[in-house]
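Colleague: Please find final.tsv (TSV, C-alpha atoms) on the next line:
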chain	number	residue	atom	x	y	z
A	577	MET	CA	-15.28	17.25	2.59
A	578	SER	CA	-16.31	13.81	3.76
A	579	GLU	CA	-14.29	10.77	4.70
A	580	ILE	CA	-14.45	8.03	2.10
A	581	LEU	CA	-12.08	5.49	3.67
A	582	THR	CA	-11.45	4.90	7.35
A	583	CYS	CA	-9.13	2.20	8.69
A	584	SER	CA	-8.80	1.91	12.44
A	585	GLY	CA	-6.35	-0.43	14.10
A	586	LEU	CA	-6.43	-2.49	10.91
A	587	THR	CA	-4.33	-5.62	11.29
A	588	LYS	CA	-3.93	-8.66	9.05
A	589	ASN	CA	-2.02	-11.73	10.07
A	590	TYR	CA	-1.24	-14.56	7.65
A	591	GLY	CA	-0.25	-17.44	9.93
A	592	GLY	CA	2.54	-15.70	11.81
A	593	VAL	CA	3.28	-12.96	9.27
A	594	TRP	CA	1.94	-9.52	10.13
A	595	ALA	CA	1.09	-8.17	6.69
A	596	LEU	CA	-0.59	-5.09	8.17
A	597	ASN	CA	0.04	-3.91	11.67
A	598	ASN	CA	-2.36	-1.52	13.41
A	599	VAL	CA	-2.98	0.76	10.42
A	600	ASN	CA	-4.94	3.93	11.13
A	601	LEU	CA	-5.80	5.79	7.98
A	602	CYS	CA	-8.40	8.32	6.80
A	603	LEU	CA	-8.88	9.41	3.21
A	604	ASP	CA	-11.06	12.35	2.20
A	605	SER	CA	-13.23	12.58	-0.90
A	606	GLY	CA	-11.84	14.30	-3.97
A	607	LYS	CA	-8.23	13.18	-3.71
A	608	ILE	CA	-5.82	11.18	-5.82
A	609	VAL	CA	-3.72	9.20	-3.37
A	610	GLY	CA	-0.60	7.12	-4.04
A	611	LEU	CA	-0.11	3.94	-2.03
A	612	LEU	CA	3.61	3.34	-2.11
A	613	GLY	CA	5.90	0.79	-0.55
A	614	PRO	CA	8.44	-1.89	-1.46
A	615	ASN	CA	7.45	-5.46	-2.31
A	616	GLY	CA	5.74	-7.19	0.58
A	617	SER	CA	4.97	-3.99	2.49
A	618	GLY	CA	1.22	-4.72	2.58
A	619	LYS	CA	-0.15	-2.65	-0.32
A	620	THR	CA	-2.17	-5.42	-1.95
A	621	THR	CA	-3.29	-6.72	1.45
A	622	LEU	CA	-4.72	-3.29	2.28
A	623	ILE	CA	-6.42	-3.10	-1.12
A	624	LYS	CA	-7.94	-6.57	-0.73
A	625	LEU	CA	-9.26	-5.63	2.70
A	626	ILE	CA	-10.92	-2.53	1.22
A	627	ASN	CA	-12.60	-4.74	-1.38
A	628	GLY	CA	-13.72	-7.42	1.04
A	629	LEU	CA	-11.50	-10.09	-0.54
A	630	LEU	CA	-9.85	-10.51	2.84
A	631	THR	CA	-11.23	-9.93	6.31
A	632	PRO	CA	-9.25	-8.14	9.01
A	633	SER	CA	-7.59	-10.11	11.83
A	634	PHE	CA	-8.17	-7.10	14.10
A	635	GLY	CA	-9.52	-3.60	13.62
A	636	SER	CA	-11.90	-2.36	10.94
A	637	VAL	CA	-12.25	-0.83	7.48
A	638	LYS	CA	-15.11	1.42	6.50
A	639	VAL	CA	-15.93	2.86	3.08
A	640	ASP	CA	-18.22	5.88	3.02
A	641	GLY	CA	-19.02	5.23	6.70
A	642	LYS	CA	-20.12	1.61	6.15
A	643	TYR	CA	-18.42	-1.67	6.99
A	644	ILE	CA	-17.31	-3.65	3.93
A	645	GLY	CA	-20.21	-5.47	2.24
A	646	VAL	CA	-22.63	-5.27	-0.67
A	647	GLU	CA	-23.28	-1.56	-0.12
A	648	THR	CA	-19.59	-0.61	-0.16
A	649	LYS	CA	-18.90	-2.77	-3.22
A	650	LYS	CA	-21.45	-0.67	-5.11
A	651	VAL	CA	-19.34	2.43	-4.61
A	652	VAL	CA	-15.84	0.97	-4.99
A	653	ALA	CA	-14.36	0.39	-8.45
A	654	TYR	CA	-11.45	-2.02	-8.18
A	655	LEU	CA	-8.66	-2.76	-10.64
A	656	PRO	CA	-6.89	-5.92	-9.41
A	657	ASP	CA	-3.21	-6.56	-10.08
A	658	ASN	CA	-4.03	-9.47	-12.40
A	659	ILE	CA	-6.49	-9.92	-15.26
A	660	TYR	CA	-9.52	-11.94	-14.22
A	661	LEU	CA	-11.79	-11.50	-17.28
A	662	ASN	CA	-12.85	-14.41	-19.49
A	663	SER	CA	-10.43	-14.39	-22.40
A	664	TRP	CA	-12.92	-15.95	-24.86
A	665	MET	CA	-15.24	-12.94	-24.57
A	666	THR	CA	-15.11	-9.99	-26.94
A	667	VAL	CA	-14.42	-6.51	-25.61
A	668	GLU	CA	-18.03	-5.58	-26.42
A	669	GLN	CA	-19.40	-8.57	-24.45
A	670	ILE	CA	-17.26	-7.66	-21.47
A	671	VAL	CA	-18.56	-4.07	-21.56
A	672	GLU	CA	-22.16	-5.37	-21.59
A	673	TYR	CA	-21.31	-7.80	-18.80
A	674	PHE	CA	-20.03	-4.94	-16.67
A	675	ALA	CA	-23.06	-2.81	-17.53
A	676	ASP	CA	-25.27	-5.64	-16.22
A	677	PHE	CA	-23.19	-6.02	-13.14
A	678	TYR	CA	-22.83	-2.41	-11.98
A	679	GLU	CA	-25.63	0.14	-11.78
A	680	ASP	CA	-23.17	3.01	-12.13
A	681	PHE	CA	-21.51	1.74	-15.35
A	682	ARG	CA	-21.40	4.28	-18.21
A	683	VAL	CA	-21.50	2.27	-21.45
A	684	GLU	CA	-21.06	5.21	-23.87
A	685	LEU	CA	-18.00	6.39	-21.96
A	686	ALA	CA	-16.44	2.91	-22.14
A	687	PHE	CA	-16.92	2.70	-25.92
A	688	GLU	CA	-15.63	6.25	-26.34
A	689	MET	CA	-12.42	5.42	-24.46
A	690	LEU	CA	-11.96	2.17	-26.40
A	691	ARG	CA	-12.38	4.04	-29.67
A	692	ARG	CA	-9.84	6.66	-28.68
A	693	LEU	CA	-7.31	3.95	-27.85
A	694	GLY	CA	-7.99	2.13	-31.10
A	695	ILE	CA	-9.20	-1.06	-29.43
A	696	SER	CA	-11.81	-2.84	-31.54
A	697	PRO	CA	-14.99	-3.75	-29.59
A	698	VAL	CA	-15.32	-6.99	-31.58
A	699	ALA	CA	-11.81	-8.21	-30.75
A	700	LYS	CA	-11.59	-11.18	-28.40
A	701	LEU	CA	-9.71	-10.47	-25.21
A	702	LYS	CA	-7.32	-13.38	-25.77
A	703	ASN	CA	-6.19	-11.83	-29.07
A	704	LEU	CA	-5.14	-8.56	-27.44
A	705	SER	CA	-1.61	-7.85	-26.26
A	706	LYS	CA	-0.88	-7.77	-22.53
A	707	GLY	CA	-0.75	-3.97	-22.51
A	708	ASN	CA	-4.02	-3.67	-24.41
A	709	LYS	CA	-5.72	-6.13	-22.02
A	710	GLU	CA	-4.61	-3.92	-19.15
A	711	LYS	CA	-5.98	-0.86	-20.91
A	712	VAL	CA	-9.36	-2.62	-21.32
A	713	CYS	CA	-9.37	-3.43	-17.60
A	714	LEU	CA	-8.60	0.18	-16.69
A	715	ILE	CA	-11.31	1.47	-19.05
A	716	LEU	CA	-13.85	-0.87	-17.41
A	717	VAL	CA	-12.94	0.42	-13.97
A	718	MET	CA	-12.86	4.11	-14.92
A	719	SER	CA	-16.22	3.79	-16.74
A	720	ARG	CA	-17.92	3.30	-13.42
A	721	ASN	CA	-19.21	6.33	-11.58
A	722	ALA	CA	-17.81	5.23	-8.22
A	723	LYS	CA	-16.94	7.07	-5.04
A	724	LEU	CA	-13.69	5.23	-4.51
A	725	TYR	CA	-11.44	3.88	-7.26
A	726	VAL	CA	-8.80	1.42	-6.11
A	727	LEU	CA	-6.14	0.76	-8.75
A	728	ASP	CA	-3.56	-1.92	-7.97
A	729	GLU	CA	-0.51	-1.37	-10.22
A	730	PRO	CA	-2.40	0.22	-13.15
A	731	ILE	CA	0.64	1.06	-15.26
A	732	ALA	CA	3.09	-1.76	-14.61
A	733	GLY	CA	2.60	-3.56	-17.93
A	734	VAL	CA	1.98	-0.71	-20.36
A	735	ASP	CA	4.50	1.21	-22.47
A	736	PRO	CA	5.56	4.76	-21.51
A	737	ALA	CA	3.29	6.36	-24.13
A	738	ALA	CA	0.31	4.40	-22.82
A	739	ARG	CA	1.28	5.41	-19.27
A	740	ASP	CA	0.64	9.00	-20.31
A	741	TYR	CA	-2.72	7.86	-21.66
A	742	VAL	CA	-3.53	6.10	-18.38
A	743	ILE	CA	-2.66	9.27	-16.50
A	744	SER	CA	-4.82	11.43	-18.76
A	745	THR	CA	-7.65	8.87	-18.42
A	746	ILE	CA	-7.47	9.23	-14.66
A	747	ILE	CA	-7.46	13.05	-14.91
A	748	ASN	CA	-10.21	13.07	-17.54
A	749	ASN	CA	-12.58	10.91	-15.52
A	750	TYR	CA	-11.65	12.49	-12.29
A	751	ASN	CA	-14.71	13.52	-10.38
A	752	PRO	CA	-14.19	16.02	-7.57
A	753	ASP	CA	-16.36	13.91	-5.26
A	754	ALA	CA	-14.44	10.69	-5.87
A	755	THR	CA	-11.16	9.46	-4.47
A	756	VAL	CA	-8.61	7.45	-6.42
A	757	LEU	CA	-6.18	5.20	-4.54
A	758	ILE	CA	-3.31	4.03	-6.75
A	759	SER	CA	-0.70	1.50	-5.69
A	760	THR	CA	2.49	1.53	-7.75
A	761	HIS	CA	6.25	1.12	-7.89
A	762	LEU	CA	6.53	3.54	-10.81
A	763	ILE	CA	6.42	6.61	-8.61
A	764	TYR	CA	8.25	8.89	-11.00
A	765	ASP	CA	5.68	8.35	-13.76
A	766	ILE	CA	2.67	8.97	-11.59
A	767	GLU	CA	3.65	11.41	-8.87
A	768	GLN	CA	2.52	14.55	-10.68
A	769	ILE	CA	-1.12	13.50	-10.50
A	770	LEU	CA	-1.09	12.68	-6.79
A	771	ASP	CA	-2.50	14.87	-4.03
A	772	GLU	CA	-1.12	12.77	-1.21
A	773	VAL	CA	1.01	9.71	-0.67
A	774	ILE	CA	0.99	6.91	1.85
A	775	PHE	CA	4.27	5.08	2.47
A	776	LEU	CA	3.85	1.54	3.77
A	777	LYS	CA	6.80	-0.24	5.36
A	778	GLN	CA	6.47	-3.78	6.72
A	779	GLY	CA	2.78	-3.34	7.31
A	780	ASN	CA	3.02	0.08	8.96
A	781	VAL	CA	2.10	3.51	7.62
A	782	VAL	CA	5.36	5.46	7.94
A	783	LEU	CA	4.23	8.59	6.07
A	784	HIS	CA	0.95	10.14	4.94
A	785	GLN	CA	1.46	13.61	3.50
A	786	THR	CA	0.49	15.88	0.62
A	787	VAL	CA	2.98	15.72	-2.24
A	788	ASP	CA	3.53	19.45	-2.57
A	789	SER	CA	4.38	19.68	1.13
A	790	ILE	CA	6.92	16.84	0.63
A	791	ARG	CA	8.50	18.81	-2.21
A	792	GLU	CA	8.52	21.96	-0.12
A	793	GLU	CA	9.84	20.32	3.04
A	794	HIS	CA	12.46	18.03	1.53
A	795	GLY	CA	13.23	19.85	-1.73
A	796	LYS	CA	12.97	16.58	-3.58
A	797	SER	CA	10.51	14.57	-5.61
A	798	VAL	CA	8.40	11.81	-4.05
A	799	ASP	CA	10.48	9.30	-6.02
A	800	GLU	CA	13.71	10.59	-4.43
A	801	LEU	CA	12.17	10.60	-0.95
A	802	PHE	CA	10.95	7.03	-1.45
A	803	ARG	CA	14.46	5.87	-2.38
A	804	GLU	CA	15.78	7.56	0.74
A	805	VAL	CA	13.18	6.15	3.16
A	806	PHE	CA	13.43	2.62	1.76
A	807	ARG	CA	17.18	2.43	1.20
A	808	TRP	CA	18.52	-1.05	1.97
B	441	MET	CA	5.90	26.75	-25.30
B	442	LEU	CA	6.18	23.46	-23.44
B	443	TRP	CA	5.11	23.05	-19.84
B	444	LYS	CA	8.34	22.05	-18.16
B	445	LEU	CA	7.86	20.95	-14.58
B	446	ASN	CA	10.46	19.74	-12.12
B	447	LYS	CA	9.18	17.09	-9.74
B	448	GLY	CA	11.48	18.23	-6.95
B	449	ARG	CA	9.58	21.50	-6.32
B	450	PRO	CA	5.93	22.16	-5.45
B	451	LEU	CA	4.02	21.78	-8.72
B	452	ALA	CA	1.37	24.41	-7.93
B	453	GLU	CA	4.13	27.02	-7.60
B	454	GLN	CA	5.65	25.98	-10.92
B	455	ILE	CA	2.32	26.17	-12.71
B	456	CYS	CA	1.94	29.73	-11.38
B	457	GLU	CA	5.37	30.62	-12.75
B	458	GLN	CA	4.63	29.04	-16.13
B	459	ILE	CA	1.37	30.97	-16.47
B	460	CYS	CA	3.12	34.22	-15.47
B	461	LEU	CA	5.78	33.48	-18.08
B	462	ARG	CA	3.12	33.08	-20.76
B	463	ILE	CA	1.45	36.32	-19.65
B	464	SER	CA	4.75	38.20	-19.80
B	465	THR	CA	5.53	36.94	-23.32
B	466	GLY	CA	2.03	37.85	-24.47
B	467	GLU	CA	1.02	34.26	-25.26
B	468	PHE	CA	-1.78	34.86	-22.75
B	469	ALA	CA	-2.88	38.44	-23.50
B	470	PRO	CA	-4.50	40.75	-20.90
B	471	GLU	CA	-8.26	40.12	-20.59
B	472	SER	CA	-7.97	36.84	-22.52
B	473	LYS	CA	-9.47	33.64	-21.16
B	474	LEU	CA	-7.14	31.05	-19.65
B	475	PRO	CA	-7.52	27.34	-20.37
B	476	SER	CA	-9.81	25.69	-17.81
B	477	VAL	CA	-8.46	23.81	-14.80
B	478	ARG	CA	-9.18	20.48	-16.49
B	479	GLU	CA	-7.56	21.52	-19.78
B	480	THR	CA	-4.47	22.72	-17.95
B	481	ALA	CA	-4.41	19.49	-15.95
B	482	LEU	CA	-4.50	17.43	-19.15
B	483	LEU	CA	-1.90	19.65	-20.84
B	484	THR	CA	0.54	19.33	-17.97
B	485	GLY	CA	-0.40	15.87	-16.71
B	486	VAL	CA	-0.89	17.37	-13.26
B	487	ASN	CA	-3.68	16.66	-10.79
B	488	PRO	CA	-6.65	19.06	-11.27
B	489	ASN	CA	-6.62	19.87	-7.54
B	490	THR	CA	-3.04	21.10	-7.89
B	491	VAL	CA	-3.95	23.24	-10.91
B	492	GLN	CA	-6.91	24.62	-8.98
B	493	ARG	CA	-4.58	25.59	-6.15
B	494	ALA	CA	-2.24	27.34	-8.62
B	495	PHE	CA	-5.18	29.30	-10.06
B	496	GLU	CA	-6.25	30.33	-6.56
B	497	MET	CA	-2.72	31.54	-5.82
B	498	LEU	CA	-2.71	33.58	-9.05
B	499	GLU	CA	-6.12	35.02	-8.27
B	500	PHE	CA	-4.98	35.97	-4.77
B	501	LYS	CA	-2.01	37.82	-6.29
B	502	GLU	CA	-4.46	39.51	-8.73
B	503	ILE	CA	-2.55	38.15	-11.71
B	504	ILE	CA	-5.76	36.58	-12.98
B	505	TYR	CA	-9.41	37.02	-12.08
B	506	SER	CA	-12.32	34.62	-12.28
B	507	VAL	CA	-15.78	35.21	-13.67
B	508	GLN	CA	-18.53	33.10	-12.14
B	509	GLY	CA	-19.66	30.42	-14.56
B	510	SER	CA	-17.22	31.45	-17.28
B	511	GLY	CA	-13.64	30.83	-16.19
B	512	CYS	CA	-10.41	32.67	-15.45
B	513	TYR	CA	-9.09	35.70	-17.29
B	514	VAL	CA	-5.73	37.49	-17.37
B	515	SER	CA	-5.77	40.76	-15.40
B	516	PRO	CA	-5.40	43.94	-17.47
B	517	ASP	CA	-2.40	44.87	-15.34
B	518	THR	CA	0.43	42.41	-16.08
B	519	SER	CA	3.02	44.02	-13.80
B	520	LYS	CA	2.62	41.41	-11.06
B	521	ALA	CA	3.05	38.56	-13.55
B	522	LYS	CA	6.22	40.21	-14.83
B	523	GLU	CA	7.47	40.62	-11.27
B	524	THR	CA	7.03	36.87	-10.67
B	525	VAL	CA	8.89	36.11	-13.89
B	526	ASN	CA	11.75	38.40	-12.88
B	527	GLN	CA	12.01	36.56	-9.59
B	528	LEU	CA	12.12	33.27	-11.50
B	529	PHE	CA	14.90	34.53	-13.80
B	530	TYR	CA	16.85	35.79	-10.80
B	531	GLN	CA	16.42	32.40	-9.09
B	532	LYS	CA	17.59	30.54	-12.21
B	533	THR	CA	20.65	32.78	-12.51
B	534	LEU	CA	21.52	32.07	-8.87
B	535	GLU	CA	21.17	28.34	-9.54
B	536	PHE	CA	23.41	28.61	-12.59
B	537	PHE	CA	26.11	30.44	-10.67
B	538	GLY	CA	25.75	28.03	-7.74
B	539	GLU	CA	26.32	25.09	-10.06
B	540	MET	CA	29.32	26.70	-11.76
B	541	HIS	CA	30.82	27.58	-8.36
B	542	SER	CA	30.40	23.98	-7.24
B	543	LEU	CA	32.42	22.97	-10.33
B	544	GLY	CA	35.18	25.24	-9.00
B	545	LEU	CA	34.77	28.22	-11.34
B	546	SER	CA	35.21	31.81	-10.22
B	547	ASN	CA	32.85	34.61	-11.28
B	548	GLU	CA	35.51	35.86	-13.72
B	549	GLU	CA	35.79	32.46	-15.35
B	550	ILE	CA	32.01	32.10	-15.62
B	551	LYS	CA	31.86	35.50	-17.27
B	552	LYS	CA	34.54	34.39	-19.73
B	553	TYR	CA	32.50	31.30	-20.71
B	554	VAL	CA	29.36	33.37	-21.14
B	555	GLU	CA	31.24	35.83	-23.39
B	556	GLU	CA	32.69	32.99	-25.47
B	557	TRP	CA	29.35	31.29	-25.81
B	558	LYS	CA	27.81	34.50	-27.13
B	559	GLU	CA	30.14	34.55	-30.15
Take the structure I supplied and represent it as structure tokens, if you would.
Modeller:
Amino acid sequence: MSEILTCSGLTKNYGGVWALNNVNLCLDSGKIVGLLGPNGSGKTTLIKLINGLLTPSFGSVKVDGKYIGVETKKVVAYLPDNIYLNSWMTVEQIVEYFADFYEDFRVELAFEMLRRLGISPVAKLKNLSKGNKEKVCLILVMSRNAKLYVLDEPIAGVDPAARDYVISTIINNYNPDATVLISTHLIYDIEQILDEVIFLKQGNVVLHQTVDSIREEHGKSVDELFREVFRW
Amino acid sequence: MLWKLNKGRPLAEQICEQICLRISTGEFAPESKLPSVRETALLTGVNPNTVQRAFEMLEFKEIIYSVQGSGCYVSPDTSKAKETVNQLFYQKTLEFFGEMHSLGLSNEEIKKYVEEWKE
């Protein structure tokens, strides 16, 4: 088993605010990992550092043994927490756009997933509902054959039935050599597919453990443990 | 039969119990092929690694056996699966009594309710 993500002494300071404070973290290949923490705990900051959208104040991030750059972006599939696609494009055009952009994009898989969800390839993005736009974004990300998938709040805007679909999409496309990092507040809906969880609190990693050992040790679900650790 | 999992207990353990339950009821017959790890993962909504771990636990207990390149099969001898199910039933009964006791009922009173419910 190889290490896909390594953060050492990772620190990010936004003009006086320590968004991440000396984070040391290693993730192995072949895991589904939950990145959990209250608002403002540093989840999105960590994700943006992994994707090279921010640079560290101190410390380093490596993906697959390499510092963040063109080579790591080839192996990281990123779902941001907002929709950045051109809304005048059709779903089909966006799929082709992604296929041009990423060597590892699987076009047939993308169309297959769209068909199963009943999303028309000729529909313009702006005419889709918010939930359907989010599903398109997730399909685009999961259609890549990446080593690390980073999903920032993938289920926040979709209905409970579609959440189940999102979860089965993640399981279905799960590749034993790839790691999926999912940030979310909806722990209860997603915890059954996680191998491990990371709890972030004010920029610090306060827990990094496998979920079944949490259940064994505490006799409670990850959701219950989260409410206990982060009680106000 | 639905796959009913409680998020407060290790999921791998619960998947083992659920498979044993299906073996003991005959839904999964001896020598029949089990659903694959991925199918079970999709059926239960559980991480494939967790399902894999459950299958390994079952194989270790000789409740199932795996055939290279083909999949997992139910062992001809189902006694160990039945033993696991008995333990589960015993555990559930303990939980039931524990809950009733915490509501302030005595064993006699619980028995009375069970008798009444039967009729």
Colleague: Return as a tab-separated table the residues of chain A lying at most 10 Å from chain B, together with the closest atom-to-atom pair for each and the distance in Å to one decimal, counting only C-alpha atoms, with rows in chain order and ascending residue number.
Modeller:
residue	atom	partner	partner_atom	distance
A:Gly606	CA	B:Asn489	CA	8.4
A:Lys607	CA	B:Asn489	CA	7.9
A:Ile608	CA	B:Asn487	CA	7.7
A:Asp740	CA	B:Gly485	CA	7.8
A:Tyr741	CA	B:Gly485	CA	9.7
A:Ile743	CA	B:Gly485	CA	7.0
A:Ser744	CA	B:Leu482	CA	6.0
A:Thr745	CA	B:Leu482	CA	9.2
A:Ile746	CA	B:Asn487	CA	9.2
A:Ile747	CA	B:Asn487	CA	6.7
A:Asn748	CA	B:Leu482	CA	7.4
A:Tyr750	CA	B:Pro488	CA	8.3
A:Asn751	CA	B:Pro488	CA	9.8
A:Pro752	CA	B:Asn489	CA	8.5
A:Tyr764	CA	B:Lys447	CA	8.3
A:Ile766	CA	B:Gly485	CA	9.1
A:Glu767	CA	B:Lys447	CA	8.0
A:Gln768	CA	B:Val486	CA	5.1
A:Ile769	CA	B:Asn487	CA	4.1
A:Leu770	CA	B:Asn487	CA	6.2
A:Asp771	CA	B:Asn487	CA	7.1
A:Val787	CA	B:Pro450	CA	7.8
A:Asp788	CA	B:Pro450	CA	4.6
A:Ser789	CA	B:Pro450	CA	7.2
A:Ile790	CA	B:Pro450	CA	8.1
A:Arg791	CA	B:Arg449	CA	5.0
A:Glu792	CA	B:Pro450	CA	5.9
A:Glu793	CA	B:Arg449	CA	9.4
A:His794	CA	B:Gly448	CA	8.5
A:Gly795	CA	B:Gly448	CA	5.7
A:Lys796	CA	B:Gly448	CA	4.0
A:Ser797	CA	B:Gly448	CA	4.0
A:Val798	CA	B:Gly448	CA	7.7
A:Asp799	CA	B:Lys447	CA	8.7
A:Glu800	CA	B:Gly448	CA	8.3
A:Leu801	CA	B:Gly448	CA	9.7
Colleague: Take the residues from that selection and put them in a file with C-alpha atoms, as a compact mmCIF listing (two decimals), in the frame of the given file.
Modeller:
# COMPACT_ATOMS: atom_id res chain seq x y z
CA GLY A 606 -11.84 14.30 -3.97
CA LYS A 607 -8.23 13.18 -3.71
CA ILE A 608 -5.82 11.18 -5.82
CA ASP A 740 0.64 9.00 -20.31
CA TYR A 741 -2.72 7.86 -21.66
CA ILE A 743 -2.66 9.27 -16.50
CA SER A 744 -4.82 11.43 -18.76
CA THR A 745 -7.65 8.87 -18.42
CA ILE A 746 -7.47 9.23 -14.66
CA ILE A 747 -7.46 13.05 -14.91
CA ASN A 748 -10.21 13.07 -17.54
CA TYR A 750 -11.65 12.49 -12.29
CA ASN A 751 -14.71 13.52 -10.38
CA PRO A 752 -14.19 16.02 -7.57
CA TYR A 764 8.25 8.89 -11.00
CA ILE A 766 2.67 8.97 -11.59
CA GLU A 767 3.65 11.41 -8.87
CA GLN A 768 2.52 14.55 -10.68
CA ILE A 769 -1.12 13.50 -10.50
CA LEU A 770 -1.09 12.68 -6.79
CA ASP A 771 -2.50 14.87 -4.03
CA VAL A 787 2.98 15.72 -2.24
CA ASP A 788 3.53 19.45 -2.57
CA SER A 789 4.38 19.68 1.13
CA ILE A 790 6.92 16.84 0.63
CA ARG A 791 8.50 18.81 -2.21
CA GLU A 792 8.52 21.96 -0.12
CA GLU A 793 9.84 20.32 3.04
CA HIS A 794 12.46 18.03 1.53
CA GLY A 795 13.23 19.85 -1.73
CA LYS A 796 12.97 16.58 -3.58
CA SER A 797 10.51 14.57 -5.61
CA VAL A 798 8.40 11.81 -4.05
CA ASP A 799 10.48 9.30 -6.02
CA GLU A 800 13.71 10.59 -4.43
CA LEU A 801 12.17 10.60 -0.95
Colleague: From the list B:Gln492, B:Thr524, B:Lys501, B:Gly511, which residue is nearest B:Ser472 when using all atoms listed in the file?
Modeller: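 Of all the options, B:Gly511 lies closest to B:Ser472.
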Colleague: Report, in Å to a single decimal, how far apart atom CA of B:Phe500 and atom CA of B:Ser464 are.
Modeller: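 If I compute the distance from atom CA of B:Ser464 to atom CA of B:Phe500, I get 18.0 Å.
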Colleague: Using Å and a single decimal, report how far atom CA of A:Lys700 sits from atom CA of A:Val717.
Modeller: 18.6 Å
Colleague: Show me, as JSON, numbers by chain, the residues that have an atom within 12 Å of A:Val667 when counting all atoms listed in the file, minus same-chain residues fewer than 3 positions from it.
Modeller: {"A": [661, 662, 663, 664, 670, 671, 672, 673, 674, 686, 687, 690, 691, 695, 696, 697, 698, 699, 700, 701, 702, 703, 704, 708, 709, 711, 712, 713, 715, 716]}
Colleague: Deliver the residues from the most recent selection as a file, using C-alpha atoms, as a compact mmCIF listing (two decimals), in the frame of the given file.
Modeller:
# COMPACT_ATOMS: atom_id res chain seq x y z
CA LEU A 661 -11.79 -11.50 -17.28
CA ASN A 662 -12.85 -14.41 -19.49
CA SER A 663 -10.43 -14.39 -22.40
CA TRP A 664 -12.92 -15.95 -24.86
CA ILE A 670 -17.26 -7.66 -21.47
CA VAL A 671 -18.56 -4.07 -21.56
CA GLU A 672 -22.16 -5.37 -21.59
CA TYR A 673 -21.31 -7.80 -18.80
CA PHE A 674 -20.03 -4.94 -16.67
CA ALA A 686 -16.44 2.91 -22.14
CA PHE A 687 -16.92 2.70 -25.92
CA LEU A 690 -11.96 2.17 -26.40
CA ARG A 691 -12.38 4.04 -29.67
CA ILE A 695 -9.20 -1.06 -29.43
CA SER A 696 -11.81 -2.84 -31.54
CA PRO A 697 -14.99 -3.75 -29.59
CA VAL A 698 -15.32 -6.99 -31.58
CA ALA A 699 -11.81 -8.21 -30.75
CA LYS A 700 -11.59 -11.18 -28.40
CA LEU A 701 -9.71 -10.47 -25.21
CA LYS A 702 -7.32 -13.38 -25.77
CA ASN A 703 -6.19 -11.83 -29.07
CA LEU A 704 -5.14 -8.56 -27.44
CA ASN A 708 -4.02 -3.67 -24.41
CA LYS A 709 -5.72 -6.13 -22.02
CA LYS A 711 -5.98 -0.86 -20.91
CA VAL A 712 -9.36 -2.62 -21.32
CA CYS A 713 -9.37 -3.43 -17.60
CA ILE A 715 -11.31 1.47 -19.05
CA LEU A 716 -13.85 -0.87 -17.41
Colleague: Nearest residue to A:Trp594 out of A:Val609, A:Tyr654, A:Tyr725, A:Thr621, using all atoms listed in the file?
Modeller: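 Smallest distance to A:Trp594 is found for A:Thr621.
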Colleague: Skipping near chain neighbours, those fewer than 3 positions away, what residues fall within 8 Å of B:Glu502 using all atoms listed in the file, listed as a ChimeraX atom specification?
Modeller: /B:498-499,505,515,520
Colleague: Report, in Å to a single decimal, how far apart atom CA of B:Gly538 and atom CA of B:Ser519 are.
Modeller: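 The value is 28.4 Å.
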Colleague: Which residues are close to A:Ser759, i.e. within 10 Å by only C-alpha atoms, leaving aside same-chain residues fewer than 2 positions away? Reply as number ranges by chain.
Modeller: A: 609-613, 619-620, 623, 657, 726-731, 756-757, 761-763, 773-774
Colleague: For A:Gly779, work out the shell of residues within 6 Å, counting only C-alpha atoms and skipping chain neighbours fewer than 3 positions away, then give it as a PDB file with C-alpha atoms, in the frame of the given file.
Modeller:
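So the final result, stored in selection30.pdb, reads:
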ATOM      1  CA  ALA A 595       1.090  -8.170   6.690  1.00  0.00           C
ATOM      2  CA  LEU A 596      -0.590  -5.090   8.170  1.00  0.00           C
ATOM      3  CA  ASN A 597       0.040  -3.910  11.670  1.00  0.00           C
ATOM      4  CA  SER A 617       4.970  -3.990   2.490  1.00  0.00           C
ATOM      5  CA  GLY A 618       1.220  -4.720   2.580  1.00  0.00           C
TER       6      GLY A 618
END
Colleague: List as a list in words the protein and nucleic acid residues near B:Gly466, meaning an atom at most 12 Å away when only C-alpha atoms are counted, but skip any in the same chain fewer than 2 places from it.
Modeller: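 My reading of the contact set: Met441, Ile459, Cys460, Leu461, Arg462, Ile463, Ser464, Phe468, Ala469, Pro470, Glu471, Ser472, Val514, Pro516, Thr518, Ala521 and Lys522 of chain B.
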